[in-house]
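Next comes query_15.txt, with compact mmCIF, C-alpha atoms.
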# COMPACT_ATOMS: atom_id res chain seq x y z
CA MET A 6 0.00 0.00 0.00
CA ARG A 7 1.17 3.50 -0.84
CA PHE A 8 0.14 6.77 0.80
CA SER A 9 -0.97 10.17 -0.47
CA LEU A 10 -2.25 13.49 0.83
CA PHE A 11 -5.66 14.97 -0.06
CA VAL A 12 -5.78 18.70 0.72
CA HIS A 13 -7.60 21.95 -0.05
CA MET A 14 -7.61 25.49 1.24
CA GLU A 15 -10.24 25.53 4.00
CA ARG A 16 -11.89 28.75 5.10
CA THR A 17 -14.74 28.94 7.60
CA SER A 18 -14.20 32.44 8.98
CA PRO A 19 -13.70 35.87 7.39
CA ASP A 20 -10.77 36.32 9.77
CA GLN A 21 -8.70 33.72 7.86
CA ASP A 22 -6.35 35.23 5.29
CA GLN A 23 -6.66 33.45 1.95
CA LYS A 24 -3.02 33.99 0.94
CA GLU A 25 -1.87 32.50 4.24
CA LEU A 26 -4.18 29.53 3.69
CA TYR A 27 -2.59 28.94 0.30
CA GLU A 28 0.88 29.07 1.83
CA ASN A 29 -0.27 26.48 4.38
CA PHE A 30 -1.58 24.31 1.52
CA VAL A 31 1.82 24.43 -0.19
CA GLU A 32 3.67 23.68 3.06
CA LEU A 33 1.59 20.55 3.69
CA ALA A 34 2.25 19.37 0.12
CA LYS A 35 6.00 19.91 0.58
CA ILE A 36 5.94 17.89 3.81
CA ALA A 37 4.19 15.06 1.95
CA ASP A 38 6.79 15.16 -0.82
CA GLU A 39 9.79 15.29 1.50
CA GLY A 40 8.27 12.53 3.63
CA GLY A 41 8.06 10.07 0.76
CA MET A 42 4.31 10.12 0.11
CA TYR A 43 3.27 9.00 -3.35
CA ALA A 44 0.90 11.79 -4.41
CA VAL A 45 -0.84 15.02 -3.48
CA TRP A 46 -4.48 15.41 -4.54
CA THR A 47 -6.59 18.56 -4.68
CA GLY A 48 -10.04 19.09 -6.15
CA GLU A 49 -12.29 21.57 -7.89
CA HIS A 50 -14.88 23.77 -6.18
CA HIS A 51 -16.49 27.08 -7.02
CA GLY A 52 -17.81 29.90 -4.85
CA MET A 53 -17.29 27.91 -1.64
CA ASP A 54 -14.66 29.02 0.84
CA PHE A 55 -15.18 25.67 2.58
CA THR A 56 -12.83 24.12 0.01
CA ILE A 57 -11.17 26.75 -2.17
CA SER A 58 -9.88 25.34 -5.46
CA PRO A 59 -11.46 26.83 -8.59
CA ASN A 60 -8.93 25.21 -10.94
CA PRO A 61 -6.77 22.44 -9.46
CA PHE A 62 -4.43 22.51 -12.46
CA LEU A 63 -3.15 25.92 -11.33
CA ASN A 64 -2.38 24.57 -7.87
CA LEU A 65 -0.67 21.46 -9.24
CA VAL A 66 1.53 23.43 -11.63
CA ASP A 67 2.67 25.56 -8.70
CA LEU A 68 3.29 22.46 -6.56
CA ALA A 69 5.37 20.95 -9.36
CA ARG A 70 7.87 23.75 -8.94
CA GLN A 71 8.00 23.34 -5.16
CA THR A 72 8.16 19.53 -4.92
CA ARG A 73 10.48 16.93 -6.42
CA ASN A 74 8.96 13.45 -6.56
CA VAL A 75 5.33 13.41 -5.47
CA ARG A 76 2.71 12.78 -8.15
CA LEU A 77 0.09 15.50 -8.54
CA GLY A 78 -3.57 14.57 -8.82
CA THR A 79 -6.89 16.26 -9.38
CA GLY A 80 -9.10 14.90 -6.69
CA THR A 81 -11.31 15.65 -8.55
CA VAL A 82 -12.31 17.83 -11.51
CA ILE A 83 -16.09 18.08 -11.81
CA ALA A 84 -17.10 16.62 -15.16
CA PRO A 85 -20.23 18.71 -15.89
CA PHE A 86 -18.22 21.93 -15.63
CA TRP A 87 -15.82 21.02 -18.45
CA HIS A 88 -15.93 20.83 -22.24
CA PRO A 89 -13.99 17.73 -23.35
CA ILE A 90 -11.61 19.64 -25.62
CA ARG A 91 -10.79 22.14 -22.90
CA LEU A 92 -10.23 19.49 -20.24
CA ALA A 93 -8.08 17.33 -22.53
CA GLY A 94 -5.89 20.28 -23.48
CA GLU A 95 -5.52 21.75 -19.98
CA ALA A 96 -4.74 18.34 -18.49
CA ALA A 97 -2.17 17.68 -21.22
CA MET A 98 -0.52 21.07 -20.69
CA THR A 99 -0.40 20.40 -16.95
CA ASP A 100 1.17 17.01 -17.61
CA MET A 101 3.86 18.67 -19.72
CA ILE A 102 4.63 21.38 -17.17
CA THR A 103 4.76 18.89 -14.29
CA ASP A 104 7.12 16.57 -16.21
CA GLY A 105 4.57 13.79 -16.46
CA ARG A 106 3.49 13.75 -12.82
CA LEU A 107 -0.24 14.33 -13.39
CA ASP A 108 -3.01 11.93 -12.36
CA LEU A 109 -6.47 13.03 -13.55
CA GLY A 110 -9.31 12.32 -11.14
CA ILE A 111 -12.83 12.99 -12.44
CA ALA A 112 -16.16 13.01 -10.61
CA ARG A 113 -19.74 14.02 -11.24
CA GLY A 114 -19.67 16.49 -8.31
CA ALA A 115 -21.68 16.55 -5.13
CA TYR A 116 -22.93 20.02 -4.26
CA SER A 117 -26.24 21.35 -5.58
CA TYR A 118 -24.94 24.78 -4.60
CA GLU A 119 -22.33 24.50 -7.37
CA TYR A 120 -24.69 22.91 -9.88
CA GLU A 121 -27.12 25.82 -9.52
CA ARG A 122 -24.42 28.31 -10.41
CA MET A 123 -22.32 26.44 -12.98
CA VAL A 124 -24.95 24.40 -14.86
CA PRO A 125 -28.43 25.56 -13.76
CA GLY A 126 -30.98 22.75 -13.72
CA LEU A 127 -28.37 20.01 -13.44
CA ASP A 128 -29.13 17.05 -11.18
CA ALA A 129 -26.97 14.17 -9.99
CA TRP A 130 -28.23 11.78 -12.70
CA GLU A 131 -27.36 14.11 -15.56
CA ALA A 132 -24.04 14.93 -13.90
CA GLY A 133 -23.20 11.24 -13.92
CA GLN A 134 -24.17 10.91 -17.57
CA ARG A 135 -21.99 13.86 -18.46
CA MET A 136 -19.04 12.17 -16.75
CA ARG A 137 -19.67 9.00 -18.72
CA GLU A 138 -19.51 10.96 -21.96
CA LEU A 139 -16.48 12.98 -20.93
CA VAL A 140 -14.06 10.24 -19.90
CA PRO A 141 -13.78 8.36 -23.22
CA ALA A 142 -13.71 11.69 -25.06
CA ILE A 143 -10.62 12.78 -23.10
CA ARG A 144 -8.75 9.66 -24.10
CA GLY A 145 -9.87 10.01 -27.71
CA LEU A 146 -8.69 13.61 -27.87
CA TRP A 147 -5.30 12.68 -26.41
CA GLU A 148 -4.96 10.08 -29.16
CA GLY A 149 -6.11 12.65 -31.72
CA ASP A 150 -8.58 13.26 -34.54
CA TYR A 151 -11.49 12.34 -32.33
CA ALA A 152 -15.04 13.36 -33.22
CA LEU A 153 -17.98 13.33 -30.82
CA ASP A 154 -21.70 13.32 -31.48
CA GLY A 155 -22.92 12.95 -27.93
CA GLU A 156 -25.85 13.87 -25.76
CA PHE A 157 -24.07 16.86 -24.20
CA HIS A 158 -21.20 17.72 -26.57
CA SER A 159 -20.70 17.45 -30.32
CA PHE A 160 -17.67 18.46 -32.36
CA PRO A 161 -15.86 17.37 -35.54
CA ALA A 162 -12.54 15.53 -35.54
CA THR A 163 -10.24 17.26 -33.07
CA THR A 164 -7.03 16.57 -31.21
CA SER A 165 -5.78 17.71 -27.85
CA SER A 166 -3.30 20.50 -28.21
CA PRO A 167 -0.83 19.94 -26.67
CA LYS A 168 -0.50 16.20 -26.19
CA PRO A 169 0.29 14.79 -22.73
CA LEU A 170 3.85 13.92 -21.84
CA GLN A 171 2.87 10.52 -20.39
CA ARG A 172 2.39 7.88 -23.06
CA GLY A 173 -1.33 7.30 -23.47
CA GLY A 174 -2.04 10.26 -21.23
CA PRO A 175 -2.16 10.65 -17.45
CA PRO A 176 -3.85 7.86 -15.47
CA ILE A 177 -7.57 8.60 -15.12
CA TRP A 178 -9.33 8.01 -11.82
CA VAL A 179 -13.10 7.97 -11.41
CA ALA A 180 -14.79 8.76 -8.10
CA ALA A 181 -17.23 5.89 -7.60
CA ARG A 182 -19.77 4.71 -5.07
CA ASP A 183 -22.61 2.72 -6.64
CA PRO A 184 -22.15 -0.43 -8.76
CA ASN A 185 -22.84 1.40 -12.03
CA SER A 186 -20.05 3.92 -11.46
CA HIS A 187 -17.60 1.17 -10.48
CA GLU A 188 -18.51 -0.79 -13.60
CA PHE A 189 -18.13 2.30 -15.78
CA ALA A 190 -14.67 2.99 -14.38
CA VAL A 191 -13.43 -0.58 -14.71
CA SER A 192 -14.88 -1.10 -18.19
CA ASN A 193 -13.15 2.08 -19.37
CA GLY A 194 -9.78 1.13 -17.87
CA CYS A 195 -9.90 3.82 -15.18
CA HIS A 196 -8.67 3.59 -11.63
CA VAL A 197 -11.22 4.10 -8.84
CA GLN A 198 -11.35 6.54 -5.93
CA VAL A 199 -13.75 5.75 -3.08
CA THR A 200 -14.72 7.87 -0.10
CA PRO A 201 -16.62 6.36 2.85
CA LEU A 202 -18.83 8.93 4.51
CA TRP A 203 -20.61 7.83 7.66
CA GLN A 204 -20.95 4.06 7.96
CA GLY A 205 -17.52 3.08 9.23
CA ASP A 206 -15.42 0.13 8.18
CA GLU A 207 -18.57 -1.68 7.04
CA GLU A 208 -18.82 0.85 4.21
CA ILE A 209 -15.13 0.48 3.37
CA VAL A 210 -15.63 -3.28 3.01
CA ARG A 211 -18.76 -2.77 0.91
CA LEU A 212 -17.00 -0.35 -1.45
CA MET A 213 -14.24 -2.89 -2.02
CA ASP A 214 -16.81 -5.62 -2.63
CA THR A 215 -18.48 -3.40 -5.22
CA PHE A 216 -15.13 -2.79 -6.92
CA ASN A 217 -14.27 -6.49 -6.94
CA ALA A 218 -17.65 -7.32 -8.45
CA ALA A 219 -17.05 -4.77 -11.22
CA CYS A 220 -13.63 -6.29 -11.94
CA ALA A 221 -15.14 -9.75 -12.09
CA LYS A 222 -17.74 -8.53 -14.59
CA PHE A 223 -14.98 -7.43 -16.98
CA PRO A 224 -12.34 -10.17 -16.66
CA ASP A 225 -10.63 -9.27 -19.95
CA ILE A 226 -9.73 -5.78 -18.73
CA PRO A 227 -6.59 -5.48 -16.58
CA ARG A 228 -7.55 -4.88 -12.98
CA PRO A 229 -7.28 -1.15 -12.21
CA GLU A 230 -6.14 0.31 -8.91
CA ILE A 231 -8.40 1.51 -6.10
CA MET A 232 -7.71 4.35 -3.69
CA LEU A 233 -9.33 4.86 -0.29
CA LEU A 234 -9.78 8.49 0.72
CA ASN A 235 -10.33 8.81 4.45
CA HIS A 236 -10.19 11.56 7.05
CA THR A 237 -7.17 10.79 9.18
CA TYR A 238 -5.62 12.31 12.28
CA ILE A 239 -2.63 10.78 14.01
CA ALA A 240 -2.88 11.74 17.66
CA SER A 241 -0.23 12.14 20.31
CA ASP A 242 -2.47 10.50 22.93
CA ALA A 243 -6.09 9.63 23.67
CA ALA A 244 -7.01 13.16 24.73
CA ASP A 245 -5.58 14.56 21.50
CA ALA A 246 -7.60 12.01 19.52
CA ARG A 247 -10.78 13.06 21.30
CA ARG A 248 -10.12 16.71 20.50
CA ALA A 249 -9.53 15.80 16.84
CA ALA A 250 -12.81 13.87 16.73
CA GLU A 251 -14.66 16.95 17.95
CA GLU A 252 -12.95 19.14 15.33
CA ILE A 253 -13.60 16.72 12.48
CA ASN A 254 -17.20 16.32 13.63
CA ARG A 255 -17.67 20.07 13.25
CA PHE A 256 -16.11 19.84 9.77
CA TYR A 257 -18.57 17.12 8.78
CA CYS A 258 -21.51 19.12 10.09
CA TYR A 259 -20.44 21.98 7.82
CA PHE A 260 -20.01 19.51 4.94
CA GLY A 261 -23.55 18.28 5.55
CA ALA A 262 -24.88 21.84 5.65
CA TRP A 263 -23.26 22.65 2.31
CA PHE A 264 -24.55 19.37 0.86
CA LYS A 265 -28.14 20.05 1.96
CA ASN A 266 -27.91 23.56 0.47
CA GLU A 267 -30.46 25.02 2.87
CA ARG A 268 -28.52 27.67 4.81
CA PRO A 269 -27.73 31.20 3.61
CA VAL A 270 -24.30 31.81 2.07
CA SER A 271 -22.58 35.19 1.97
CA GLN A 272 -19.10 36.00 0.65
CA GLY A 273 -18.45 32.29 0.13
CA LEU A 274 -19.14 31.45 3.78
CA ILE A 275 -22.16 29.47 4.93
CA GLN A 276 -24.17 30.74 7.89
CA THR A 277 -22.36 29.75 11.08
CA LEU A 278 -23.47 26.55 12.78
CA SER A 279 -24.15 26.98 16.48
CA ASP A 280 -22.96 24.55 19.13
CA GLU A 281 -26.59 23.43 19.37
CA ASP A 282 -26.69 22.75 15.62
CA ILE A 283 -23.56 20.62 15.96
CA ALA A 284 -24.84 18.71 18.99
CA ASN A 285 -28.23 17.99 17.38
CA HIS A 286 -26.96 16.51 14.12
CA PRO A 287 -28.90 13.28 13.49
CA PHE A 288 -25.89 11.05 12.83
CA TYR A 289 -22.63 13.04 13.07
CA SER A 290 -20.95 13.04 16.48
CA PRO A 291 -17.40 12.80 17.85
CA GLU A 292 -18.06 9.12 18.61
CA ALA A 293 -19.14 8.52 15.01
CA MET A 294 -16.01 10.29 13.78
CA MET A 295 -13.82 7.93 15.84
CA ARG A 296 -15.69 4.96 14.36
CA ASP A 297 -15.82 6.14 10.75
CA ASN A 298 -12.37 7.69 10.34
CA VAL A 299 -8.81 6.94 11.37
CA ILE A 300 -8.47 9.24 14.38
CA ALA A 301 -6.00 7.43 16.56
CA THR A 302 -2.52 7.10 17.98
CA PRO A 303 0.03 5.63 15.54
CA GLU A 304 -0.30 2.07 16.84
CA ARG A 305 -4.07 1.96 16.43
CA ALA A 306 -3.88 3.75 13.07
CA ILE A 307 -1.44 1.15 11.76
CA GLU A 308 -3.77 -1.64 12.82
CA ARG A 309 -6.76 -0.13 11.04
CA ILE A 310 -4.92 0.82 7.85
CA MET A 311 -3.35 -2.63 7.61
CA GLY A 312 -6.90 -3.96 7.56
CA TYR A 313 -7.64 -1.77 4.53
CA ARG A 314 -4.46 -2.95 2.86
CA ASP A 315 -5.49 -6.55 3.42
CA LEU A 316 -8.86 -5.83 1.79
CA GLY A 317 -6.96 -4.91 -1.37
CA TYR A 318 -6.74 -1.12 -1.38
CA ASP A 319 -3.71 0.04 -3.37
CA GLU A 320 -3.52 3.60 -2.04
CA TYR A 321 -4.57 5.23 1.20
CA SER A 322 -5.09 8.97 0.92
CA LEU A 323 -4.92 10.99 4.13
CA TRP A 324 -7.74 13.56 3.86
CA ILE A 325 -6.37 16.38 5.97
CA ASP A 326 -9.22 18.92 5.60
CA SER A 327 -10.65 19.00 9.09
CA GLY A 328 -11.32 22.51 10.36
CA MET A 329 -8.18 22.27 12.49
CA SER A 330 -5.41 24.81 12.73
CA PHE A 331 -2.49 24.49 10.35
CA GLU A 332 -0.24 23.57 13.28
CA ARG A 333 -2.45 20.62 14.24
CA LYS A 334 -2.70 19.39 10.65
CA LYS A 335 1.06 19.64 10.26
CA ALA A 336 1.74 17.73 13.47
CA SER A 337 -0.65 14.95 12.46
CA LEU A 338 0.88 14.65 8.99
CA GLU A 339 4.39 14.53 10.41
CA ARG A 340 3.38 11.79 12.86
CA PHE A 341 1.77 9.85 9.99
CA ILE A 342 4.98 10.01 7.96
CA ALA A 343 7.30 9.24 10.89
CA ASP A 344 5.27 6.74 12.89
CA VAL A 345 2.73 5.10 10.55
CA MET A 346 4.21 4.83 7.05
CA PRO A 347 7.35 2.91 8.10
CA ALA A 348 5.15 0.00 9.21
CA PHE A 349 4.20 -0.50 5.55
CA ALA A 350 7.68 -0.22 4.07
Turn the structure described in the file into structure tokens.
Amino acid sequence: MRFSLFVHMERTSPDQDQKELYENFVELAKIADEGGMYAVWTGEHHGMDFTISPNPFLNLVDLARQTRNVRLGTGTVIAPFWHPIRLAGEAAMTDMITDGRLDLGIARGAYSYEYERMVPGLDAWEAGQRMRELVPAIRGLWEGDYALDGEFHSFPATTSSPKPLQRGGPPIWVAARDPNSHEFAVSNGCHVQVTPLWQGDEEIVRLMDTFNAACAKFPDIPRPEIMLLNHTYIASDAADARRAAEEINRFYCYFGAWFKNERPVSQGLIQTLSDEDIANHPFYSPEAMMRDNVIATPERAIERIMGYRDLGYDEYSLWIDSGMSFERKKASLERFIADVMPAFA
């Protein structure tokens, strides 16, 4: 099993300076690179200070100049917001600038808040269909002279300009949950990213079972890789772990509020959740966070992550967005590199 870092700029208060947040983002990526992690992933979001990243390619190009070895992944671009020709060309240019270090993660997206502003009237079903049209088009454009007469995009024979540095183009990863999305990814030769949300290790097992079933359905296609993205905090002791669980619980409550798209938003910040709002969430709690995520001392974290390795996960991505201070994120990441990763060498 290899390890990667999943990171955004997080902003939940107008008091947080955005330039400083970006500098923190870069510092965490440099720690991951210097510590021997395999990749750094960052996604795409619009108009939401909760996870600032309007174009991950810009961030990754900058990281390429400040890191040496780590691969650089979009985790993920949101398919409905891209024209195939534009995405193929921008990904190829990024691959050239980063000396062939790009991995291209693609998803249908999750937030109605973004759909309403970027593609009004879009729903999750159509978003998924747009992703299914986009992925093969990207590969066709990288190969060149590809024409599309699709449901959402049509264009005459076209090539990506420029072409990617990596032969055949950067690896493509598809964010998947349900059997159909796993089958789409596997049948198209894409790797799979999975993110458990609130059902603990039972969900992690179920996601792997779904992936294995998709691989079995297409036995003539080489088995792709699967990455587990999981909120992770490596604690100094039990009290530190409890504090982290409370912080990550607050993060998830904000995630749920953005997902439900019911609270007012101003200047990119959602209306503040009160302590009562946090305490009354129907299924998020610090106890649930301890169950559903790896929030533990190094010894316990190793035990849990080895279980995921034994299930067959190829990559474990430490999702560091958590609502914590930069200092606490940094300390956790450094403990993960020093005290957890060596157990998997």
- Write out as a ChimeraX atom specification each polymer residue whose atoms come within 8 Å of stretch 178-184 of chain A, counting all atoms listed in the file; drop sequence neighbours fewer than 4 positions from it. /A:81,108-113,188,190,195-200,212,215-216,219
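Interatomic distance, atom CA of A:Asp20 to atom CA of A:Met295: 29.2 Å.
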- Message: Please return as a ChimeraX atom specification every residue within 12 Å of (-8.0, 15.4, 3.1), taking into account all atoms listed in the file and the file's own coordinates.
- Response: /A:9-15,30,33-34,45-48,56,80,200,233-238,253,256,298-299,321-329,334,337-338
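For the set A:Ala97, A:Ala348, A:Ile209, A:Ile177, the residue with the smallest atom-to-atom gap to A:Glu304 is A:Ala348, counting all atoms listed in the file.
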- Shortest interatomic distance to A:Pro19 - which of A:Ala44, A:Leu274, A:Ile342, A:Ala306, counting only C-alpha atoms: A:Leu274
- Mind checking which residues fall within 12 Å of A:Asn74, counting all atoms listed in the file, ignoring those fewer than 6 positions away in the same chain, and posting them as a ChimeraX atom specification? /A:34-45,68,103-107
- Pick out the closest residue to A:Gln171 from this set: A:Glu230, A:Ser159, A:Ser186, A:Thr99. Count only C-alpha atoms. A:Thr99
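The neighbours of A:Ala240 here are the residues that come within 10 Å of it, using all atoms listed in the file and leaving out any residue fewer than 6 positions away in the same chain; they are A:Ala246, A:Arg247, A:Arg248, A:Ala249, A:Val299, A:Ile300, A:Ala301, A:Thr302, A:Pro303, A:Arg305, A:Ala306, A:Arg333, A:Ala336, A:Ser337, A:Leu338, A:Arg340, A:Phe341.
Using all atoms listed in the file, the shortest contact distance between A:Asn185 and any of A:Pro227, A:Gly261, A:Gly133, A:Pro167 is found at A:Gly133.
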- Message: Which residue is closest to A:Asp206? Choose from A:Phe55, A:Tyr118, A:Trp147, A:Tyr313 and count all atoms listed in the file.
- Response: A:Tyr313
- Between atom CA of A:Leu92 and atom CA of A:Glu121, what is the spacing in Å? 21.0 Å
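As for atom CA of A:Lys24 and atom CA of A:Met98, they are spaced 25.3 Å apart.
Taking all atoms listed in the file into account, A:Asn266 lies nearest to A:Ala115 out of the set A:Ala115, A:Ile102, A:Ile231, A:Val75.
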- For a cut-off of 8 Å around (-24.1, 13.2, 3.3), file coordinates, pick out all residues using all atoms listed in the file and list them as a ChimeraX atom specification. /A:202-203,260-261,264
